[in-house]
Amino acid sequence: MELLDVRQKILQSLELILRKMHDYLYKQQFTPTSKISLIYDPGFLVHTSQYRKIRRDAGSVHGRVLDFGCGSKPFESLFSFATEYIGIDTLLSSHDHSSSKIDVFYDGLVLPFPDRSFDYVLIFDVLEHHPNFEQGLQEVCRVLKPEGKIVGTIPFMFPEHEVPEDFRRLTYFGLHQVLSEAGFDDLRIEKCNVGVAAILQILVEAPFSSRRSTRMLHRRIVFSPILALLNLLGYLFLDKAKPLEIYSSLYFSAKKQMRRSL
């Protein structure tokens with residue numbers, strides 16, 4: 001075998017290893033089954049808090065499931081009782097689709113499904129990006145079967161992201177109001193990453209909030225020890241410390257109102 005062929009095989013092997021490492025580390029940001037993302041993910045605390053709640057309730061999600069604004073479908077593996085799992089997203093957005101696993105693209109307005117098509121709709125950190133918030137929720141309600149359910153998350157104290165398509169933050173009471181007005185009841189809303197951990201989350205995010213990507217690698221190298229230390233400290237207080245009025249995001253579930261099912 002020629003030396004050139006050997007070098008090429010080595011480079012291909014290294015590329016494959018790096019790609020697998022990247023995919024693993026990216027997945028760990030959203031589904032932190034290990035604590036490795038503690039050392040590199042500025043959103044480790046809120047991601048961990050959200051993941052615990054999603055994993056806790058995933059076993060009750062069944063039937064035909066729509067992942068609304070699915071991106072890379074980071075939580076799909078949790079929903080093993082889904083008979084069909086469909087991911088939908090918009091083609092044009094500030095979100096990077098390089099790692100996306102989208103089954104259906106749509107115009108961001110009308111979901112291309114008949115009425116009463118799904119048992120569950122999942123909406124994870126998407127509603128803040130929807131330019132027609134009320135219409136989006138009404139469309140979700142329309143495609144749900146009678147007494148179908150939504151499960152989702154939405155940030156509260158969290159930096160702007162995927163700009164300029166980051167339009168809103170909702171408090172616990174604001175989310176309750178908009179879900180009720182959109183045609184949902186049996187609401188359950190939980191705060192994610194509360195109190196001291198939420199404050200530490202802000203401190204962790206601060207060095208990485210710049211939109212200048214050219215400086216991001218430098219910042220990660222310089223601040224990674226501090227990031228890891230604050231994440232570790234916050235993890236000790238995760239979802240335990242007060243005040244409860246300070247929180248990073250909201251986890252919610254709700255059922256389609258019977259009057260909307262007729």
# chains A, B, ... in the order shown; residues from 1 in each chain; ligands from 1
$ closest_atom_pairs --of "range 79-191 of chain A" --to "range 20-23 of chain A" --cutoff "12 Å" --atoms "only C-alpha atoms" --output "JSON lines"
{"residue": "A:Ser98", "atom": "CA", "partner": "A:Asp23", "partner_atom": "CA", "distance": 11.8}
{"residue": "A:Ser99", "atom": "CA", "partner": "A:Asp23", "partner_atom": "CA", "distance": 9.0}
{"residue": "A:Ser100", "atom": "CA", "partner": "A:Asp23", "partner_atom": "CA", "distance": 11.8}
$ residues_around --residues "His62 in chain A" --least-positions-apart "3" --cutoff "10 Å" --atoms "only C-alpha atoms" --output "VMD selection string"
chain A and resid 58 to 59 65 79 to 85 118 to 120
$ write_last_selection --atoms "N, CA and C atoms" --output "PDB file, in the first residue's frame"
ATOM      1  N   ALA A  58     -42.064  11.126  29.156  1.00  0.00           N
ATOM      2  CA  ALA A  58     -42.006  10.596  27.788  1.00  0.00           C
ATOM      3  C   ALA A  58     -42.778   9.293  27.625  1.00  0.00           C
ATOM      4  N   GLY A  59     -42.850   8.487  28.672  1.00  0.00           N
ATOM      5  CA  GLY A  59     -43.526   7.205  28.586  1.00  0.00           C
ATOM      6  C   GLY A  59     -45.024   7.306  28.369  1.00  0.00           C
ATOM      7  N   VAL A  65     -47.325  11.179  16.681  1.00  0.00           N
ATOM      8  CA  VAL A  65     -46.695  12.313  17.349  1.00  0.00           C
ATOM      9  C   VAL A  65     -46.104  13.262  16.310  1.00  0.00           C
ATOM     10  N   PHE A  79     -39.187   8.923  23.088  1.00  0.00           N
ATOM     11  CA  PHE A  79     -40.608   8.662  22.869  1.00  0.00           C
ATOM     12  C   PHE A  79     -40.796   7.332  22.145  1.00  0.00           C
ATOM     13  N   SER A  80     -40.462   6.279  22.842  1.00  0.00           N
ATOM     14  CA  SER A  80     -40.466   4.939  22.250  1.00  0.00           C
ATOM     15  C   SER A  80     -41.874   4.380  22.042  1.00  0.00           C
ATOM     16  N   PHE A  81     -42.885   4.995  22.656  1.00  0.00           N
ATOM     17  CA  PHE A  81     -44.250   4.495  22.507  1.00  0.00           C
ATOM     18  C   PHE A  81     -45.002   5.175  21.368  1.00  0.00           C
ATOM     19  N   ALA A  82     -44.340   6.060  20.655  1.00  0.00           N
ATOM     20  CA  ALA A  82     -44.967   6.693  19.487  1.00  0.00           C
ATOM     21  C   ALA A  82     -45.052   5.686  18.350  1.00  0.00           C
ATOM     22  N   THR A  83     -46.224   5.547  17.767  1.00  0.00           N
ATOM     23  CA  THR A  83     -46.375   4.651  16.616  1.00  0.00           C
ATOM     24  C   THR A  83     -45.876   5.320  15.340  1.00  0.00           C
ATOM     25  N   GLU A  84     -45.888   6.630  15.316  1.00  0.00           N
ATOM     26  CA  GLU A  84     -45.339   7.399  14.193  1.00  0.00           C
ATOM     27  C   GLU A  84     -44.817   8.717  14.747  1.00  0.00           C
ATOM     28  N   TYR A  85     -43.614   9.099  14.327  1.00  0.00           N
ATOM     29  CA  TYR A  85     -42.967  10.310  14.842  1.00  0.00           C
ATOM     30  C   TYR A  85     -42.571  11.173  13.649  1.00  0.00           C
ATOM     31  N   PHE A 118     -53.185  14.117  15.021  1.00  0.00           N
ATOM     32  CA  PHE A 118     -52.139  13.662  15.935  1.00  0.00           C
ATOM     33  C   PHE A 118     -52.664  13.485  17.363  1.00  0.00           C
ATOM     34  N   ASP A 119     -52.057  12.522  18.044  1.00  0.00           N
ATOM     35  CA  ASP A 119     -52.363  12.304  19.462  1.00  0.00           C
ATOM     36  C   ASP A 119     -51.574  13.259  20.347  1.00  0.00           C
ATOM     37  N   TYR A 120     -50.351  13.577  19.938  1.00  0.00           N
ATOM     38  CA  TYR A 120     -49.484  14.480  20.696  1.00  0.00           C
ATOM     39  C   TYR A 120     -48.748  15.412  19.739  1.00  0.00           C
TER      40      TYR A 120
END
$ closest_residue --among "A:Gly152, A:Gly183, A:Gly234, A:Pro146" --to "Leu45 in chain A" --atoms "only C-alpha atoms"
A:Gly234
$ closest_residue --among "A:Glu134, A:Ser248, A:Leu200, A:Lys149" --to "Val61 in chain A" --atoms "only C-alpha atoms"
A:Lys149
$ residues_around --residues "Glu139 in chain A" --least-positions-apart "3" --cutoff "7 Å" --atoms "only C-alpha atoms" --output "number ranges by chain"
A: 110-111, 135-136, 142-143
